[in-house]
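See below for the structure under consideration.
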Amino acid sequence: MNRYWSFVLLLSGFFGLLGACKQGNPASTESAATTLARGEALAKVRCAACHAYPDPALLPQATWEQYILPRMGYMMGIYPHDTIRNSLIEKGQAEEKVLAAGIFPEKPQISKEDWAAIQAFYLAEAPIDFPPYEIAAIEPNQKQFTLKIPDYRLSPPSSTMVQIARAGGLYVGDANSKAMYLFDKNLKLQKAANVKEGAVDVAEMDDRLLITVMGSFSPTDAASGFVFQLPTSPQLQALVLMDKLQRPVHSTWGDLNGDKRLDAVICEFSKYTGTLGWWEQNANGQFQKHLLGKRPGATCSYLRDVNQDGKMDIIALFGQGDEGIFAYINAGNGQFKEVPWLRFPPTYGSSFFTLYDFNADGHEDILYTCGDNADYPPVLKPYHGIRIFTNDGKNQFKETWFYPLHGAYKALPGDFDQDGDVDLAAIAFFPDFSKALPASFVYLENTGKMQFKGSSFPEANLGRWITMDSGDYDGDGDEDLVLGSLAFEVIPDRGEVRNWVERGVPFVVLENKKK
């Protein structure tokens with residue numbers, strides 16, 4: 001999805017929850033207090049073995065009871081009846097991968113007593129509901145940008161990518177039409193190319209485009225994604241470079257082994273069995289995959305020499321199950337060592353991150369959003385929003401800033417008003433739709449010392465913004481924004497989806513008025 005696509009696609013992560021639980025020993029009759037204490041101890045030990053511990057306070061009691069605890073049980077081989085397991089496993093080419101990974105065990109992996117204790121603990125300690133809270137006031141009439149709407153329509157709009165082209169104009173990927181489009185700076189369609197479902201990333205080279213395609217917009221473990229080369233020079237031909245990818249959502253390109261050839265890092269988000277891998281290019285132009293992280297939910301990655309040893313390292317976000325930001329330190333000879341930088345509970349729905357030096361100390365900090373909320377009827381979570389984690393200079397990170405934003409999906413830094421400090425632009429795919437103007441886009445103007453004033457635009461409900469990019473699309477010397485829309489269901493639906501489909505607005509541009 002863009003860089004970030006940025007694209008995170010509609011799965012948070014409860015799929016690994018308690019997946020590593022082992023068979024427990026039956027417990028004797030015990031008091032309720034003892035059962036709860038034992039349930040807490042079991043959850044903390046066994047959950048933390050594979051991801052951050054999910055505290056009961058992270059979700060309301062009804063959500064635990066109706067959605068999360070049943071899923072946890074499935075992954076421990078506990079099913080209400082025999083047909084459930086079969087219905088959970090995707091048929092076709094994905095079935096073998098899911099079975100081999102043991103996602104849904106045939107037999108219980110924990111005793112009835114231990115499982116009952118875990119359930120009792122979560123239901124006893126979870127809040128009935130989250131207390132009411134409001135995000136910061138947002139001025140509806142922002143003054144930094146002018147709204148530009150293209151004449152071109154796609155119904156339903158199904159953006160998987162919006163990306164500002166290096167020479168100006170915009171690339172747009174759309175899942176429903178299974179196409180990628182190029183618009184000029186006047187938002188007129190110049191070219192369209194048929195691709196399989198979900199173009200999510202374009203890397204512009206001097207003589208070609210390297211395009212990453214998910215293959216399936218819907219969650220799947222099937223290996224239907226691919227990366228292909230689209231020539232911009234007559235000396236080259238169209239060519240599939242990597243195929244049989246599991247729902248790739250982002251690719252990063254660079255020389256990772258010092259052989260002067262272009263390698264790639266590909267985030268295969270998948271559903272249950274995804275991976276992060278680096279793909280080595282050989283002298284014949286073919287690519288070989290090397291596994292980095294064997295977990296689903298890889299969302300986006302960056303290349304940096306984080307330890308200043310002259311070799312490119314990799315930093316990646318995982319947004320499902322074992323959510324977090326991980327560094328892969330280049331040890332040479334094609335080998336990388338995984339180092340966790342930040343870990344998040346699997347309820348967070350990590351959606352995007354980028355690197356930026358907010359305090360100008362020479363060390364890149366982390367800008368992070370969490371807000372994916374599609375695994376069950378959405379809950380407005382007080383911990384959803386935008387965070388800055390400050391780097392202490394040794395790649396140890398501490399949260400130093402938080403902006404609550406329901407369903408935050410992406411945030412980008414930039415000096416949009418050109419006053420010498422960093423502002424932020426953010427989108428939210430799961431805002432509070434009960435509001436007259438849901439906070440689906442927010443421009444955060446830095447008023448000094450990292451204090452921000454929020455504003456939006458009255459037409460923000462023209463679409464449901466799932467992807468965003470920034471850059472100088474019109475070549476006038478300032479930084480603009482483009483927002484891509486996806487007409488995805490709203491619960492409860494008050495007519496929003498019908499309006500998005502009827503209007504068919506695939507994207508909008510916020511043209512910076514600074515120049």
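Letters A, B, ... go to the chains of the structure tokens in the order shown; residues in each chain start at 1; ligands are counted from 1 in the same order.
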Worksheet item: Residues at most 8 Å from segment 415-425 of chain A, counting only C-alpha atoms, excluding those fewer than 5 positions away in the same chain, as a ChimeraX atom specification?
Response: /A:144,358,441-446,448,452,478-480,512,514
Using only C-alpha atoms, please write the residues we just selected to a file, as an mmCIF file, in the first residue's frame.
```cif
data_model
loop_
_atom_site.group_PDB
_atom_site.id
_atom_site.type_symbol
_atom_site.label_atom_id
_atom_site.label_comp_id
_atom_site.auth_asym_id
_atom_site.auth_seq_id
_atom_site.Cartn_x
_atom_site.Cartn_y
_atom_site.Cartn_z
ATOM 1 C CA GLN A 144 -3.565 24.643 4.364
ATOM 2 C CA PHE A 358 11.528 14.629 15.212
ATOM 3 C CA PHE A 441 -8.644 12.840 7.935
ATOM 4 C CA VAL A 442 -6.755 15.146 10.276
ATOM 5 C CA TYR A 443 -4.106 17.728 9.500
ATOM 6 C CA LEU A 444 -2.031 18.391 12.617
ATOM 7 C CA GLU A 445 -0.274 21.743 12.363
ATOM 8 C CA ASN A 446 2.711 22.091 14.674
ATOM 9 C CA GLY A 448 5.555 24.969 18.374
ATOM 10 C CA PHE A 452 -0.504 20.422 17.383
ATOM 11 C CA ASP A 478 5.365 22.303 -1.824
ATOM 12 C CA GLU A 479 4.102 19.040 -0.381
ATOM 13 C CA ASP A 480 0.608 17.852 -1.280
ATOM 14 C CA ASN A 512 -0.985 22.595 -0.704
ATOM 15 C CA LYS A 514 1.712 27.364 0.240
#
```
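When the distance limit is 7 Å and only C-alpha atoms are what count, the residues near Ala117 of chain A, minus those fewer than 4 positions from it on the same chain, are A:Thr35, A:Leu36, A:Arg38, A:Gly39, A:Glu113, A:Phe121.
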Fill in: Residue neighbourhood Val505 of chain A, 8 Å, only C-alpha atoms, exclusion window fewer than 2 positions, as an NGL selection string
:A and (149-150 or 152-155 or 157 or 462-463 or 485 or 500 or 503 or 507-508)
Just to be explicit: take each residue in the selection above, keep N, CA and C atoms, and write the result as an mmCIF file, in the first residue's frame.
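See selection-v1.cif below for the written result:
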```cif
data_model
loop_
_atom_site.group_PDB
_atom_site.id
_atom_site.type_symbol
_atom_site.label_atom_id
_atom_site.label_comp_id
_atom_site.auth_asym_id
_atom_site.auth_seq_id
_atom_site.Cartn_x
_atom_site.Cartn_y
_atom_site.Cartn_z
ATOM 1 N N ILE A 149 -10.934 17.066 -6.681
ATOM 2 C CA ILE A 149 -11.639 15.810 -6.894
ATOM 3 C C ILE A 149 -11.542 15.442 -8.377
ATOM 4 N N PRO A 150 -11.099 14.229 -8.711
ATOM 5 C CA PRO A 150 -10.991 13.861 -10.119
ATOM 6 C C PRO A 150 -12.357 13.671 -10.769
ATOM 7 N N TYR A 152 -12.776 11.311 -12.932
ATOM 8 C CA TYR A 152 -12.841 9.863 -13.138
ATOM 9 C C TYR A 152 -13.524 9.189 -11.953
ATOM 10 N N ARG A 153 -14.390 8.212 -12.246
ATOM 11 C CA ARG A 153 -15.126 7.527 -11.190
ATOM 12 C C ARG A 153 -14.881 6.018 -11.245
ATOM 13 N N LEU A 154 -14.830 5.400 -10.076
ATOM 14 C CA LEU A 154 -14.770 3.949 -9.935
ATOM 15 C C LEU A 154 -15.808 3.544 -8.897
ATOM 16 N N SER A 155 -16.695 2.637 -9.256
ATOM 17 C CA SER A 155 -17.761 2.257 -8.335
ATOM 18 C C SER A 155 -17.855 0.735 -8.235
ATOM 19 N N PRO A 157 -15.468 2.407 -5.209
ATOM 20 C CA PRO A 157 -14.042 2.726 -5.083
ATOM 21 C C PRO A 157 -13.370 1.699 -4.180
ATOM 22 N N LEU A 462 -16.538 12.219 1.643
ATOM 23 C CA LEU A 462 -16.648 11.795 0.249
ATOM 24 C C LEU A 462 -16.165 10.362 0.049
ATOM 25 N N GLY A 463 -15.291 9.895 0.927
ATOM 26 C CA GLY A 463 -14.753 8.548 0.800
ATOM 27 C C GLY A 463 -14.378 8.001 2.159
ATOM 28 N N SER A 485 -9.724 5.970 -1.429
ATOM 29 C CA SER A 485 -10.958 5.539 -0.766
ATOM 30 C C SER A 485 -11.279 4.071 -1.052
ATOM 31 N N TRP A 500 -20.785 6.261 -0.756
ATOM 32 C CA TRP A 500 -19.452 6.102 -1.341
ATOM 33 C C TRP A 500 -19.523 5.396 -2.692
ATOM 34 N N ARG A 503 -21.217 7.777 -5.344
ATOM 35 C CA ARG A 503 -20.342 8.880 -5.753
ATOM 36 C C ARG A 503 -19.155 8.380 -6.557
ATOM 37 N N PHE A 507 -10.293 8.743 -5.263
ATOM 38 C CA PHE A 507 -9.271 9.440 -4.480
ATOM 39 C C PHE A 507 -9.562 10.929 -4.522
ATOM 40 N N VAL A 508 -8.959 11.657 -3.595
ATOM 41 C CA VAL A 508 -8.961 13.121 -3.650
ATOM 42 C C VAL A 508 -7.537 13.596 -3.410
#
```
Discussion item. With only C-alpha atoms as the counted atoms, please give the residues lying no more than 9 Å from Gly471 of chain A, apart from itself and same-chain residues fewer than 6 positions off, as a list in words.
Written reply: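 Once the adjacent positions are removed, what remains is Gln163, Ile164, Ala165, Arg166, Gly168, Asp478, Glu479, Asp480, Leu481 and Val482 of chain A.
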Would you put the residues from that selection into a file with C-alpha atoms, as a compact mmCIF listing (two decimals), in the first residue's frame?
```txt
# COMPACT_ATOMS: atom_id res chain seq x y z
CA GLN A 163 1.25 7.09 -4.78
CA ILE A 164 2.68 10.34 -6.09
CA ALA A 165 4.82 9.72 -9.16
CA ARG A 166 8.41 10.88 -9.24
CA GLY A 168 4.42 14.33 -10.92
CA ASP A 478 5.37 22.30 -1.82
CA GLU A 479 4.10 19.04 -0.38
CA ASP A 480 0.61 17.85 -1.28
CA LEU A 481 -1.50 14.92 -0.07
CA VAL A 482 -3.51 12.27 -1.88
```
Practice prompt. Kindly indicate which residue among A:Met468, A:Ile491, A:Val306, A:Leu42 lies nearest to Pro378 of chain A, using only C-alpha atoms for the distances.
Written response: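 Among A:Met468, A:Ile491, A:Val306, A:Leu42, it is A:Ile491 that comes nearest to Pro378 of chain A.
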Closest-contact table, segment 391-497 of chain A side, partner segment 177-185 of chain A, 10 Å, counting only C-alpha atoms, as CSV:
```
residue,atom,partner,partner_atom,distance
A:Asp472,CA,A:Lys185,CA,9.6
A:Tyr473,CA,A:Lys185,CA,6.2
A:Asp474,CA,A:Lys185,CA,5.0
A:Gly475,CA,A:Lys185,CA,8.2
```
Item to complete: May I have the residues within 7 Å of Thr232 of chain A as a ChimeraX atom specification, using only C-alpha atoms and disregarding those fewer than 2 positions away in the same chain?
Response: /A:207-208,230,234
Discussion item. Please determine, counting only C-alpha atoms, which residue among A:Phe145, A:Phe269, A:Tyr368, A:Tyr67 has the shortest atom-to-atom distance to Asp221 of chain A.
Written reply: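 Checking each candidate against Asp221 of chain A, we get A:Phe269 as the closest.
Taking only C-alpha atoms into account, Gly173 of chain A lies nearest to A:Thr467 out of the set A:Asn499, A:Gln119, A:Ser270, A:Thr467.
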Worksheet item: Closest to Ala57 of chain A among A:Ser301, A:Glu125, A:Asp309, A:Glu399, using only C-alpha atoms?
Response: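 Once distances to Ala57 of chain A are computed over only C-alpha atoms, the minimum belongs to A:Glu125.
Between Val509 of chain A and the candidates A:Lys381, A:Arg464, A:Lys91, A:Lys148, the tightest atom-to-atom separation, counting only C-alpha atoms, involves A:Lys148.
One distance worth recording is that between atom CA of Leu209 of chain A and atom CA of Ala175 of chain A, which is 19.0 Å.
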Worksheet item: Which residues, written as an MDAnalysis selection string, have at least one atom at most 8 Å from Pro105 of chain A, with only C-alpha atoms counted and residues fewer than 6 positions away on the same chain left out?
Response: chainID A and resid 74:77
Discussion item. Residues within 9 Å of Trp465 of chain A, please, as a list in words. Count only C-alpha atoms; anything in the same chain fewer than 3 positions from it doesn't count.
Written reply: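 My reading of the contact set: Ser159, Tyr409, Ile427, Ala428, Phe429, Ser440, Phe441, Ala460, Asn461, Met468, Leu483, Gly484, Ser485, Leu486, Ala487 and Phe507 of chain A.
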Those same residues - C-alpha atoms - I'd like them written as a PDB file, in the first residue's frame.
```
ATOM      1  CA  SER A 159      -8.205   1.828  -3.549  1.00  0.00           C
ATOM      2  CA  TYR A 409      -4.482   3.910   9.652  1.00  0.00           C
ATOM      3  CA  ILE A 427      -6.153   9.159   8.029  1.00  0.00           C
ATOM      4  CA  ALA A 428      -8.453   6.874  10.004  1.00  0.00           C
ATOM      5  CA  PHE A 429     -10.284   3.959   8.383  1.00  0.00           C
ATOM      6  CA  SER A 440     -11.287  10.264   8.912  1.00  0.00           C
ATOM      7  CA  PHE A 441      -8.644  12.840   7.935  1.00  0.00           C
ATOM      8  CA  ALA A 460     -13.966  14.393   4.243  1.00  0.00           C
ATOM      9  CA  ASN A 461     -16.957  12.010   4.046  1.00  0.00           C
ATOM     10  CA  MET A 468      -2.467   8.128   1.691  1.00  0.00           C
ATOM     11  CA  LEU A 483      -6.116  10.086  -0.108  1.00  0.00           C
ATOM     12  CA  GLY A 484      -7.442   6.804  -1.533  1.00  0.00           C
ATOM     13  CA  SER A 485     -10.958   5.539  -0.766  1.00  0.00           C
ATOM     14  CA  LEU A 486     -12.305   2.031  -0.137  1.00  0.00           C
ATOM     15  CA  ALA A 487     -16.087   1.551   0.198  1.00  0.00           C
ATOM     16  CA  PHE A 507      -9.271   9.440  -4.480  1.00  0.00           C
TER      17      PHE A 507
END
```
